[in-house]
Amino acid sequence: ENLDEDALVQILQKPKNALVKQYQKLFEFESVKLKFTDGALGAVAREAMERKSGARGLRAILESLMLDVMYEVPSITGVKECIVSEEVVQNKKQPILVYENEAELA
């Protein structure tokens, strides 16, 4: 039986070794807080359902979303937070980076 969107979102967040927690830990090594919006998690789950890949496909989807930003963030000074929104998942946009102070945005 196929998992529904809510079940896939739970798989992304709840288990001890959940994918979201793994990525958050990786970003913590760079002193950056990683946040996924509820819309982003839902969009990842819907994409897994569309691909008919279920829970196994969640990792591949997240990897494709996070690969570039994981390599870019360590080289950008002053980043304190990375926010993955629904638009990032659906439109393959870059995640929103929040900086320590606004002067570094210029």
# chains A, B, ... in the order shown; residues from 1 in each chain; ligands from 1

call {"tool": "residues_around", "arguments": {"residues": "stretch 39-48 of chain A", "least_positions_apart": "2", "cutoff": "8 Å", "atoms": "only C-alpha atoms", "output": "list in words"}}
result
Glu5, Asp6, Leu8, Val9, Leu12, Phe36, Thr37, Glu50, Arg51, Lys52, Ser53, Gly54, Ala55, Gly57, Leu58, Ile61, Leu62, Val84, Ser85, Glu86, Glu87, Val88, Val89 and Gln90 of chain A

call {"tool": "select_by_dssp", "arguments": {"residues": "stretch 1-93 of chain A", "states": "alpha helix (DSSP H)", "output": "number ranges by chain"}}
result
A: 5-13, 19-28, 38-50, 54-72, 86-91

call {"tool": "write_last_selection", "arguments": {"atoms": "C-alpha atoms", "output": "PDB file, in the first residue's frame"}}
result
ATOM      1  CA  GLU A   5       1.601  12.735   1.933  1.00  0.00           C
ATOM      2  CA  ASP A   6       1.227  12.968   5.722  1.00  0.00           C
ATOM      3  CA  ALA A   7       2.988   9.628   6.250  1.00  0.00           C
ATOM      4  CA  LEU A   8       5.892  10.692   4.009  1.00  0.00           C
ATOM      5  CA  VAL A   9       6.231  14.008   5.862  1.00  0.00           C
ATOM      6  CA  GLN A  10       6.343  12.072   9.143  1.00  0.00           C
ATOM      7  CA  ILE A  11       9.106   9.873   7.721  1.00  0.00           C
ATOM      8  CA  LEU A  12      11.075  12.999   6.808  1.00  0.00           C
ATOM      9  CA  GLN A  13      10.818  14.423  10.343  1.00  0.00           C
ATOM     10  CA  LEU A  19      16.498  12.865   6.738  1.00  0.00           C
ATOM     11  CA  VAL A  20      15.610  16.382   7.899  1.00  0.00           C
ATOM     12  CA  LYS A  21      17.523  15.837  11.148  1.00  0.00           C
ATOM     13  CA  GLN A  22      20.538  14.527   9.215  1.00  0.00           C
ATOM     14  CA  TYR A  23      20.696  17.635   7.033  1.00  0.00           C
ATOM     15  CA  GLN A  24      20.179  19.922  10.025  1.00  0.00           C
ATOM     16  CA  LYS A  25      23.130  18.248  11.748  1.00  0.00           C
ATOM     17  CA  LEU A  26      25.338  18.723   8.694  1.00  0.00           C
ATOM     18  CA  PHE A  27      24.502  22.434   8.630  1.00  0.00           C
ATOM     19  CA  GLU A  28      25.137  22.713  12.390  1.00  0.00           C
ATOM     20  CA  ASP A  38       5.807  22.762   6.208  1.00  0.00           C
ATOM     21  CA  GLY A  39       5.087  23.583   2.562  1.00  0.00           C
ATOM     22  CA  ALA A  40       8.543  22.379   1.535  1.00  0.00           C
ATOM     23  CA  LEU A  41       8.132  19.073   3.355  1.00  0.00           C
ATOM     24  CA  GLY A  42       4.718  18.596   1.764  1.00  0.00           C
ATOM     25  CA  ALA A  43       6.149  19.367  -1.681  1.00  0.00           C
ATOM     26  CA  VAL A  44       8.949  16.802  -1.183  1.00  0.00           C
ATOM     27  CA  ALA A  45       6.354  14.207  -0.154  1.00  0.00           C
ATOM     28  CA  ARG A  46       4.153  15.025  -3.170  1.00  0.00           C
ATOM     29  CA  GLU A  47       7.137  14.724  -5.515  1.00  0.00           C
ATOM     30  CA  ALA A  48       7.952  11.294  -4.058  1.00  0.00           C
ATOM     31  CA  MET A  49       4.331  10.276  -4.628  1.00  0.00           C
ATOM     32  CA  GLU A  50       4.408  11.570  -8.235  1.00  0.00           C
ATOM     33  CA  GLY A  54       7.608   6.368  -1.798  1.00  0.00           C
ATOM     34  CA  ALA A  55       9.829   6.718   1.249  1.00  0.00           C
ATOM     35  CA  ARG A  56      12.907   5.478  -0.624  1.00  0.00           C
ATOM     36  CA  GLY A  57      12.686   8.411  -3.028  1.00  0.00           C
ATOM     37  CA  LEU A  58      12.724  11.035  -0.281  1.00  0.00           C
ATOM     38  CA  ARG A  59      16.522  10.881   0.081  1.00  0.00           C
ATOM     39  CA  ALA A  60      17.128  11.371  -3.654  1.00  0.00           C
ATOM     40  CA  ILE A  61      14.758  14.338  -3.773  1.00  0.00           C
ATOM     41  CA  LEU A  62      16.378  16.021  -0.771  1.00  0.00           C
ATOM     42  CA  GLU A  63      19.872  15.346  -2.119  1.00  0.00           C
ATOM     43  CA  SER A  64      19.059  17.064  -5.398  1.00  0.00           C
ATOM     44  CA  LEU A  65      17.652  20.063  -3.509  1.00  0.00           C
ATOM     45  CA  MET A  66      20.453  20.407  -0.988  1.00  0.00           C
ATOM     46  CA  LEU A  67      23.591  19.427  -2.914  1.00  0.00           C
ATOM     47  CA  ASP A  68      24.572  22.881  -4.220  1.00  0.00           C
ATOM     48  CA  VAL A  69      23.738  24.795  -1.060  1.00  0.00           C
ATOM     49  CA  MET A  70      25.621  22.291   1.118  1.00  0.00           C
ATOM     50  CA  TYR A  71      28.800  23.069  -0.809  1.00  0.00           C
ATOM     51  CA  GLU A  72      28.188  26.829  -1.065  1.00  0.00           C
ATOM     52  CA  GLU A  86       7.927  25.137  -0.966  1.00  0.00           C
ATOM     53  CA  GLU A  87       9.106  27.304  -3.880  1.00  0.00           C
ATOM     54  CA  VAL A  88      12.621  25.862  -3.522  1.00  0.00           C
ATOM     55  CA  VAL A  89      11.220  22.349  -3.955  1.00  0.00           C
ATOM     56  CA  GLN A  90       8.703  23.063  -6.707  1.00  0.00           C
ATOM     57  CA  ASN A  91      10.664  25.561  -8.798  1.00  0.00           C
TER      58      ASN A  91
END

call {"tool": "select_by_dssp", "arguments": {"residues": "chain A", "states": "strand (DSSP E or B)", "output": "ChimeraX atom specification"}}
result
/A:33-36,79-84,96-99

call {"tool": "atom_distance", "arguments": {"atom1": "atom CA of A:Pro15", "atom2": "atom CA of A:Lys93"}}
result
27.5 Å
